There are 2 protein chains.
Amino acid sequence: MLDYQAPLRDMQFILDELAGLEGIGELPGCEDASPDLVSAVLEEASKFASGVLAPLNQAGDRQGCRLEGERVITPDGWQDAYDQFRDAGWIGLSLPPVHGGQGLPKLVSTPVWEMWFSANMAFAMLPQLNVGQTEALMIAASEEQKATWLDKIVSGEWAATMNLTEPQAGSDLAATRMRAEPAGEGRYRLFGQKIYISYGEHELTPNIVHLVLARLPDAPPGIKGLSLFLAPKYLLDEHGEPGEQNDIRCISIEHKMGIHGSPTCTLSYGDAGGALGYLVGEPHQGLKTMFVMMNDARFNVGVQGVALGERAYQAALDYARERVQGRDIVTGESGRPIIVHPDVKRMLVSMRARLMAMRGLLYTAASWFDIARHHQQAGVTDKHRRYVDLLMPVAKGWCTEVGNDLCDEAIQVFGGMGFVEETGVAQLFRDARVTTIFEGTTGIQANDLLGRKILREDAATLRELISDIRGTATQLADHQRLADLAEPLGDQVALLDETTDWLLEHKADTANLYAGAVPLLHLLGIACGAWQMARLALAADTRIEKGQGDTDYLRGLVALARFYMATQAPQAHAHAHAVRHAGAVLSRFPERGL
Amino acid sequence: MLDYQAPLRDMQFILDELAGLEGIGELPGCEDASPDLVSAVLEEASKFASGVLAPLNQAGDRQGCRLEGERVITPDGWQDAYDQFRDAGWIGLSLPPVHGGQGLPKLVSTPVWEMWFSANMAFAMLPQLNVGQTEALMIAASEEQKATWLDKIVSGEWAATMNLTEPQAGSDLAATRMRAEPAGEGRYRLFGQKIYISYGEHELTPNIVHLVLARLPDAPPGIKGLSLFLAPKYLLDEHGEPGEQNDIRCISIEHKMGIHGSPTCTLSYGDAGGALGYLVGEPHQGLKTMFVMMNDARFNVGVQGVALGERAYQAALDYARERVQGRDIVTGESGRPIIVHPDVKRMLVSMRARLMAMRGLLYTAASWFDIARHHQQAGVTDKHRRYVDLLMPVAKGWCTEVGNDLCDEAIQVFGGMGFVEETGVAQLFRDARVTTIFEGTTGIQANDLLGRKILREDAATLRELISDIRGTATQLADHQRLADLAEPLGDQVALLDETTDWLLEHKADTANLYAGAVPLLHLLGIACGAWQMARLALAADTRIEKGQGDTDYLRGLVALARFYMATQAPQAHAHAHAVRHAGAVLSRFPERGL
């Protein structure tokens with residue numbers, strides 16, 4: 001079984017130095033996030049993750065979930081862990097105090113969720129749904145609805161789900177068929193089937209609150225005809241307690257490659273007269289609200305990428321330090337652990353460099369989110385909102401692609417022991433595989449990046465971002481001991497500039513452009529990673545200059561940045577080349593050439 | 001369940017145009033390999049693969065193997081498929097006629113084995129062991145041993161295994177501990193434990209012939225003290241038939257991520273007085289012979305890379321043509337299959353381009369193998385033997401890495417349906433994961449490439465190979481309609497040249513060099529792939545010019561070459577950069593930086 005120890009030092013460094021935790025704690029509404037409190041929260045979360053959630057991870061994978069009639073049975077230990085998790089108040093960490101949450105900034109909850117996902121992704125997917133659903137209901141629900149549902153969702157007394165996908169409506173929600181018929185008293189009857197519903201059914205909580213996309217009788221076709229409904233597993237009685245069972249049934253659960261501890265349900269609505277639901281927000285405006293929940297989920301899936309990569313890295317590092325095999329290629333000495341082999345060391349350093357790059361990007365994005373929400377100046381909030389919007393598909397798409405690569409590389413460090421299930425890295429690899437798929441595949445993220453986030457505004461925000469990265473390159477050039485990093489970062493800036501020019505010049509050639517969407521996402525991910533690694537090196541070297549902190553650790557961070565520039569950053573060129581040239585070949589590709 | 005149809009047209013094109021099948025059929029000893037016979041063999045193999053092996057693949061994965069006492073039970077259907085496979089004579093396809101084989105060239109057996117692995121890798125691993133064992137015994141066994149064992153191994157009446165790994169001796173066989181004590185009459189008693197033995201125990205054949213590395217009492221330490229022994233599951237009686245059970249026991253089988261249909265056994269030798277074995281070849285010379293078997297196995301694992309990639313590609317292509325989702329981004333039309341989406345088409349074309357590149361490399365290498373074995377001129381055989389030796393680690397390492405990428409990409413085309421096990425692509429992804437590990441990890445292949453194949457001879461063969469690739473670039477420049485491909489191929493040549501110079505200049509800096517071994521392997525793989533794609537384009541365009549064949553198909557091949565140059569070839573730059581720069585950062589990496 002794999003241990004997990006939260007990388008508190010790395011997390012704290014990035015919070016302090018790259019994401020500006022101190023500044024976030026000074027925003028109105030974020031005053032509780034004092035350095036001491038944040039450290040204490042991370043420390044407590046770390047204990048819970050290592051002590052309660054991590055030990056259940058492998059057992060949950062082996063046992064999985066099962067369907068008995070219409071009941072879904074989750075793995076042994078899930079109930080106890082959930083009860084502890086709920087009672088400790090972890091669900092409400094970043095949720096509104098008015099509904100019982102602690103209201104801490106997203107910057108603080110992000111490393112905490114990283115820990116939950118590292119420790120036990122299949123488990124942590126359950127409470128994460130409460131967070132997303134709260135965000136959605138806060139925006140769209142009526143005051144009465146909030147009063148009825150939110151306290152229980154924020155506390156975790158009841159569980160939450162999001163119901164989007166149908167067999168014919170996966171990436172394309174316009175194809176949604178689920179019907180909603182008015183049933184009087186503000187209620188509706190829902191009819192149809194939803195698939196791929198994570199934790200769509202279980203008995204861990206006395207009620208489950210489903211948010212469901214469906215069409216009203218007068219709905220226009222397409223995505224502009226989707227309304228959002230809240231439908232509980234048990235209807236509430238006059239005391240607001242779960243009473244009569246609603247007409248929602250789990251008719252199957254998926255047999256998946258990974259996240260076996262998380263039941264993926266097919267829910268059938270309305271087989272016995274209609275599942276009762278309540279309209280949330282305005283008719284036909286459901287997708288907008290659901291996107292709030294989905295955007296939160298997308299960011300969290302990006303966090304899953306770094307989280308699984310971190311646990312895989314820890315496993316690989318431990319194994320490489322213990323496993324004795326082969327001779328030191330320089331000294332000829334035998335009996336040394338495999339970490340002395342240059343290729344094994346290369347893999348480990350490469351993993352750690354990418355982890356820090358991803359974490360830098362995600363935590364920084366979390367701070368932008370807090371600034372966008374809490375800052376008092378409209379100009380500042382607007383800029384950070386645009387930054388969040390631009391980089392959300394990168395945070396999701398790139399961090400999950402890289403997370404998969406890290407789990408793959410961890411198996412490679414383990415060799416044959418990585419392919420057998422006992423060691424646990426195979427599970428991380430299998431679990432990670434879903435992250436580039438759910439909440440929108442990498443292709444969907446890339447289309448969103450290219451179309452909605454770049455082309456629609458003629459790359460205005462991207463240009464601002466590139467300018468910020470250029471600023472960091474200038475800082476490097478001025479910082480003598482890191483001047484060697486200025487050129488590779490400048491190279492990334494030049495690539496981004498040229499690629500952006502090319503995109504705008506070819507704006508009319510849609511098919512050509514979209515053939516390069518995924519390479520573009522990789523390019524931007526790698527470049528943003530390089531940016532964060534440059535910032536990391538600057539911060540670490542500044543601390544070294546000032547004599548603050550553990551010099552070996554700080555020198556290690558600088559070396560990680562150099563390694564990233566030497567091995568990861570150059571890959572951006574191939575992606576930039578593909579952006580510009582893949583589409584031209586594809587558009588002339590003969591019909592019968594496949 | 002996934003269908004499989006052997007890509008006969010692609011195979012035939014590469015056999016004819018890139019691997020020179022006609023010329024191979026003119027070599028002494030290869031005269032049976034007439035074009036007609038080869039086509040007939042491929043056709044028959046294709047039917048067997050689609051009709052018998054492919055339908056068992058998913059069931060074999062689900063059911064897996066189980067250990068009952070010391071008995072290993074393989075999946076339902078395995079026995080019947082094996083009986084048919086053996087009776088049809090497939091095992092002896094390329095094996096010596098003197099022992100009942102058909103003696104066809106490796107160039108002919110390579111596409112056939114590709115089919116077996118595509119159809120059912122877990123199954124095909126069993127008969128593949130007979131081929132490797134035959135190669136080893138032909139080199140090292142006494143005439144008496146050959147007479148006793150080989151006919152039954154070539155026919156498949158008995159099964160074969162290779163026993164190298166021990167718990168403390170994985171990549172490093174120098175650590176082998178298995179003991180062999182003389183027992184008189186040319187016999188030895190073997191004591192010890194071997195792990196990760198594919199098909200180490202089963203009941204599909206009345207006997208199993210193990211080839212085992214062990215140490216004689218007077219053995220020097222390290223790899224020069226390893227001797228090779230043949231130890232059967234059942235000792236032969238006076239009639240040469242399986243009689244008394246040998247002292248070899250299967251004490252466990254692995255619970256693996258993939259290839260569930262193939263039992264991976266821990267074998268305990270000598271718990272009841274010693275397992276009887278026979279020395280094969282000279283004492284302490286066992287590793288050399290085992291490497292013959294292992295080299296054959298390595299090449300075949302490379303073939304598994306393309307084979308699993310091919311099946312994944314077929315699945316993804318079928319799905320992309322059937323699955324309706326989203327709108328055509330150009331016309332806005334809905335109800336179209338997802339293959340119209342630029343990113344999905346990009347993935348499919350990218351998969352197919354890499355399949356052809358890998359197949360070009362593997363089949364060409366197979367033809368070199370035949371030339372090295374059968375040509376009459378020593379200069380010619382020597383050159384082709386050196387080419388095979390140089391590129392064996394690339395064929396194994398690069399084709400398996402790419403094969404994994406293709407299975408990964410197929411899941412991405414399937415989206416959520418790729419993550420559920422029903423569709424079968426998840427199995428391909430899980431099965432493929434072992435290929436970069438067994439028979440030597442990618443890191444081991446890369447070290448072999450760099451150390452034994454390049455540095456040891458100051459890159460002499462590599463320089464010859466680069467010169468051949470340069471020749472193809474010149475041909476492209478002279479071939480007007482493909483002149484645009486000359487520059488990207490020339491670019492690969494320049495990268496190879498510069499990297500080779502750099503390696504030789506830094507020959508003394510061992511740790512630095514070996515940190516770049518895996519990037520070097522990728523660089524050489526990508527460049528050789530570009531070379532093969534250039535040759536493919538030249539051959540296809542020449543056929544178009546001459547009006548021979550299906551123009552659409554041929555134009556598709558040319559477009560694949562262009563796509564490869566636009567998207568894959570540029571990745572060589574990042575690998576070349578890593579070769580030169582990764583080691584320098586790693587060698588200064590602080591001890592406590594991980």
# chains A, B, ... in the order shown; residues from 1 in each chain; ligands from 1
>>> interface_residues(of="chain A", to="chain B", cutoff="7 Å", atoms="only C-alpha atoms", output="PyMOL selection string")
chain A and resi 172+254-257+325-326+329-330+342-343+346+349+412+415-416+419-421+426+434+437-438+441+443+510-511+514-515+552-553+555-556+559+562-563+566-567+570-571+574+577-578+581-582+585-586+589-590+592-594
>>> residues_around(residues="region 304-312 of chain B", least_positions_apart="5", cutoff="6 Å", atoms="only C-alpha atoms", output="list in words")
Glu114, Phe117, Ser118, Cys399, Thr400, Gly403, Leu406, Cys407 and Ala410 of chain B
>>> write_last_selection(atoms="all heavy atoms", output="mmCIF file, in the first residue's frame")
data_model
loop_
_atom_site.group_PDB
_atom_site.id
_atom_site.type_symbol
_atom_site.label_atom_id
_atom_site.label_comp_id
_atom_site.auth_asym_id
_atom_site.auth_seq_id
_atom_site.Cartn_x
_atom_site.Cartn_y
_atom_site.Cartn_z
ATOM 1 N N GLU B 114 2.263 -9.809 -35.996
ATOM 2 C CA GLU B 114 1.508 -8.582 -35.718
ATOM 3 C C GLU B 114 0.016 -8.905 -35.600
ATOM 4 O O GLU B 114 -0.667 -8.423 -34.694
ATOM 5 C CB GLU B 114 1.736 -7.532 -36.822
ATOM 6 C CG GLU B 114 1.054 -6.201 -36.480
ATOM 7 C CD GLU B 114 0.946 -5.223 -37.646
ATOM 8 O OE1 GLU B 114 1.927 -5.029 -38.376
ATOM 9 O OE2 GLU B 114 -0.158 -4.654 -37.802
ATOM 10 N N PHE B 117 -0.803 -10.666 -32.277
ATOM 11 C CA PHE B 117 -0.783 -9.758 -31.119
ATOM 12 C C PHE B 117 -1.958 -8.774 -31.173
ATOM 13 O O PHE B 117 -2.509 -8.413 -30.142
ATOM 14 C CB PHE B 117 0.541 -9.002 -31.047
ATOM 15 C CG PHE B 117 1.725 -9.871 -30.721
ATOM 16 C CD1 PHE B 117 2.900 -9.802 -31.465
ATOM 17 C CD2 PHE B 117 1.679 -10.759 -29.658
ATOM 18 C CE1 PHE B 117 3.991 -10.597 -31.157
ATOM 19 C CE2 PHE B 117 2.775 -11.571 -29.340
ATOM 20 C CZ PHE B 117 3.933 -11.490 -30.103
ATOM 21 N N SER B 118 -2.310 -8.323 -32.354
ATOM 22 C CA SER B 118 -3.489 -7.449 -32.462
ATOM 23 C C SER B 118 -4.737 -8.173 -31.987
ATOM 24 O O SER B 118 -5.563 -7.625 -31.265
ATOM 25 C CB SER B 118 -3.725 -7.026 -33.915
ATOM 26 O OG SER B 118 -2.881 -5.982 -34.320
ATOM 27 N N CYS B 399 8.759 1.723 -30.481
ATOM 28 C CA CYS B 399 7.453 1.209 -30.943
ATOM 29 C C CYS B 399 6.521 0.894 -29.773
ATOM 30 O O CYS B 399 5.302 1.002 -29.914
ATOM 31 C CB CYS B 399 7.631 -0.024 -31.834
ATOM 32 S SG CYS B 399 8.419 0.369 -33.412
ATOM 33 N N THR B 400 7.063 0.510 -28.639
ATOM 34 C CA THR B 400 6.169 0.260 -27.497
ATOM 35 C C THR B 400 5.721 1.571 -26.853
ATOM 36 O O THR B 400 4.567 1.687 -26.426
ATOM 37 C CB THR B 400 6.838 -0.638 -26.445
ATOM 38 O OG1 THR B 400 8.061 -0.033 -26.009
ATOM 39 C CG2 THR B 400 7.134 -2.012 -27.012
ATOM 40 N N GLY B 403 3.176 2.775 -29.201
ATOM 41 C CA GLY B 403 1.998 1.899 -29.094
ATOM 42 C C GLY B 403 1.137 2.287 -27.898
ATOM 43 O O GLY B 403 -0.097 2.340 -27.991
ATOM 44 N N LEU B 406 -0.782 5.388 -28.723
ATOM 45 C CA LEU B 406 -1.917 5.162 -29.619
ATOM 46 C C LEU B 406 -3.115 4.600 -28.854
ATOM 47 O O LEU B 406 -4.260 4.999 -29.089
ATOM 48 C CB LEU B 406 -1.525 4.208 -30.752
ATOM 49 C CG LEU B 406 -0.406 4.685 -31.684
ATOM 50 C CD1 LEU B 406 -0.279 3.753 -32.881
ATOM 51 C CD2 LEU B 406 -0.627 6.102 -32.169
ATOM 52 N N CYS B 407 -2.860 3.671 -27.951
ATOM 53 C CA CYS B 407 -3.966 3.125 -27.156
ATOM 54 C C CYS B 407 -4.582 4.227 -26.297
ATOM 55 O O CYS B 407 -5.802 4.292 -26.120
ATOM 56 C CB CYS B 407 -3.474 1.975 -26.285
ATOM 57 S SG CYS B 407 -2.967 0.541 -27.270
ATOM 58 N N ALA B 410 -6.709 6.360 -28.544
ATOM 59 C CA ALA B 410 -7.968 5.700 -28.901
ATOM 60 C C ALA B 410 -9.004 5.898 -27.800
ATOM 61 O O ALA B 410 -10.186 6.156 -28.072
ATOM 62 C CB ALA B 410 -7.738 4.207 -29.141
#
>>> residues_around(residues="Asn207 (chain B)", least_positions_apart="4", cutoff="12 Å", atoms="only C-alpha atoms", output="list in words")
Trp149, Lys152, Ile153, Gly156, Glu157, Trp158, Ala159, Ala160, Thr161, Tyr199, Gly200, Glu201, His202, Glu203, Ala231, Pro232, Lys233, Tyr234, Leu235, Leu236, Gly240, Glu241, Pro242, Gly243, Glu244, Gln245 and Asn246 of chain B
>>> residues_around(residues="Trp398 (chain A)", least_positions_apart="2", cutoff="8 Å", atoms="only C-alpha atoms", output="number ranges by chain")
A: 302, 393-396, 400-402, 442, 521-522, 525
>>> atom_distance(atom1="CA of Gln133 (chain B)", atom2="CA of Pro96 (chain B)")
12.3 Å
>>> residues_around(residues="Tyr269 (chain B)", least_positions_apart="2", cutoff="7 Å", atoms="only C-alpha atoms", output="NGL selection string")
:B and (190-193 or 247-249 or 267 or 271 or 274-275)
>>> residues_around(residues="Leu150 (chain A)", least_positions_apart="6", cutoff="8 Å", atoms="only C-alpha atoms", output="count of residues only")
3
>>> select_by_dssp(residues="region 201-299 of chain A", states="strand (DSSP E or B)", output="ChimeraX atom specification")
/A:208-215,227-232,234-236,242-245,248-253,256,264-269,275-280
>>> select_by_dssp(residues="region 416-500 of chain A", states="helix (DSSP H, G or I)", output="MDAnalysis selection string")
chainID A and resid 416:419 421:423 425:432 442:457 460:478 480:500
>>> atom_distance(atom1="CA of Leu27 (chain A)", atom2="CA of Ile371 (chain A)")
7.5 Å
>>> atom_distance(atom1="CA of Cys30 (chain A)", atom2="CA of Asp370 (chain A)")
8.6 Å
>>> decode(residues="region 131-158 of chain A", atoms="N, CA, C and O atoms", output="short mmCIF file (atom, residue, chain, number, x, y, z; two decimals), in the first residue's frame")
data_model
loop_
_atom_site.label_atom_id
_atom_site.label_comp_id
_atom_site.auth_asym_id
_atom_site.auth_seq_id
_atom_site.Cartn_x
_atom_site.Cartn_y
_atom_site.Cartn_z
N VAL A 131 -19.47 21.10 -3.14
CA VAL A 131 -18.88 22.42 -3.33
C VAL A 131 -19.40 23.03 -4.63
O VAL A 131 -19.88 24.17 -4.65
N GLY A 132 -19.33 22.25 -5.70
CA GLY A 132 -19.79 22.77 -6.99
C GLY A 132 -21.27 23.11 -6.97
O GLY A 132 -21.70 24.14 -7.50
N GLN A 133 -22.05 22.24 -6.32
CA GLN A 133 -23.49 22.50 -6.29
C GLN A 133 -23.81 23.75 -5.48
O GLN A 133 -24.71 24.53 -5.83
N THR A 134 -23.07 23.96 -4.42
CA THR A 134 -23.29 25.17 -3.62
C THR A 134 -23.02 26.42 -4.47
O THR A 134 -23.81 27.38 -4.45
N GLU A 135 -21.91 26.39 -5.22
CA GLU A 135 -21.58 27.54 -6.09
C GLU A 135 -22.74 27.82 -7.05
O GLU A 135 -23.13 28.97 -7.26
N ALA A 136 -23.29 26.76 -7.61
CA ALA A 136 -24.37 26.93 -8.59
C ALA A 136 -25.64 27.46 -7.92
O ALA A 136 -26.28 28.39 -8.42
N LEU A 137 -26.00 26.88 -6.78
CA LEU A 137 -27.23 27.30 -6.11
C LEU A 137 -27.11 28.74 -5.57
O LEU A 137 -28.10 29.49 -5.58
N MET A 138 -25.93 29.12 -5.14
CA MET A 138 -25.74 30.49 -4.65
C MET A 138 -26.04 31.50 -5.74
O MET A 138 -26.53 32.60 -5.46
N ILE A 139 -25.77 31.14 -6.97
CA ILE A 139 -26.00 32.05 -8.08
C ILE A 139 -27.45 32.08 -8.53
O ILE A 139 -28.02 33.13 -8.80
N ALA A 140 -28.05 30.88 -8.60
CA ALA A 140 -29.33 30.80 -9.32
C ALA A 140 -30.54 30.48 -8.47
O ALA A 140 -31.68 30.74 -8.88
N ALA A 141 -30.33 29.92 -7.29
CA ALA A 141 -31.50 29.45 -6.53
C ALA A 141 -32.24 30.62 -5.88
O ALA A 141 -31.64 31.67 -5.61
N SER A 142 -33.52 30.40 -5.62
CA SER A 142 -34.32 31.40 -4.91
C SER A 142 -33.91 31.38 -3.43
O SER A 142 -33.29 30.42 -2.96
N GLU A 143 -34.29 32.44 -2.74
CA GLU A 143 -33.93 32.48 -1.31
C GLU A 143 -34.56 31.31 -0.57
O GLU A 143 -33.95 30.72 0.33
N GLU A 144 -35.78 30.96 -0.96
CA GLU A 144 -36.45 29.84 -0.29
C GLU A 144 -35.70 28.54 -0.55
O GLU A 144 -35.51 27.72 0.35
N GLN A 145 -35.27 28.36 -1.80
CA GLN A 145 -34.50 27.16 -2.12
C GLN A 145 -33.20 27.11 -1.34
O GLN A 145 -32.81 26.08 -0.79
N LYS A 146 -32.54 28.26 -1.29
CA LYS A 146 -31.29 28.28 -0.53
C LYS A 146 -31.53 27.89 0.92
O LYS A 146 -30.79 27.09 1.50
N ALA A 147 -32.59 28.47 1.47
CA ALA A 147 -32.88 28.19 2.88
C ALA A 147 -33.18 26.70 3.09
O ALA A 147 -32.80 26.10 4.09
N THR A 148 -33.86 26.12 2.12
CA THR A 148 -34.25 24.71 2.27
C THR A 148 -33.08 23.76 2.12
O THR A 148 -32.95 22.78 2.84
N TRP A 149 -32.22 24.03 1.17
CA TRP A 149 -31.23 23.02 0.77
C TRP A 149 -29.80 23.31 1.19
O TRP A 149 -29.03 22.38 1.47
N LEU A 150 -29.41 24.59 1.18
CA LEU A 150 -27.97 24.85 1.20
C LEU A 150 -27.26 24.48 2.50
O LEU A 150 -26.14 23.97 2.47
N ASP A 151 -27.94 24.71 3.65
CA ASP A 151 -27.24 24.37 4.90
C ASP A 151 -26.84 22.90 4.93
O ASP A 151 -25.75 22.54 5.37
N LYS A 152 -27.73 22.06 4.43
CA LYS A 152 -27.47 20.61 4.48
C LYS A 152 -26.41 20.20 3.46
O LYS A 152 -25.70 19.22 3.66
N ILE A 153 -26.34 20.94 2.37
CA ILE A 153 -25.34 20.62 1.35
C ILE A 153 -23.97 21.10 1.81
O ILE A 153 -22.97 20.40 1.67
N VAL A 154 -23.94 22.30 2.38
CA VAL A 154 -22.66 22.85 2.85
C VAL A 154 -22.10 22.01 3.99
O VAL A 154 -20.89 21.77 4.07
N SER A 155 -22.96 21.55 4.86
CA SER A 155 -22.47 20.73 5.98
C SER A 155 -22.11 19.32 5.52
O SER A 155 -21.34 18.63 6.18
N GLY A 156 -22.69 18.91 4.40
CA GLY A 156 -22.46 17.54 3.94
C GLY A 156 -23.47 16.56 4.52
O GLY A 156 -23.34 15.35 4.33
N GLU A 157 -24.47 17.08 5.21
CA GLU A 157 -25.50 16.16 5.72
C GLU A 157 -26.15 15.43 4.54
O GLU A 157 -26.42 14.24 4.62
N TRP A 158 -26.39 16.18 3.46
CA TRP A 158 -26.88 15.56 2.24
C TRP A 158 -25.81 15.65 1.16
O TRP A 158 -24.98 16.55 1.16
#
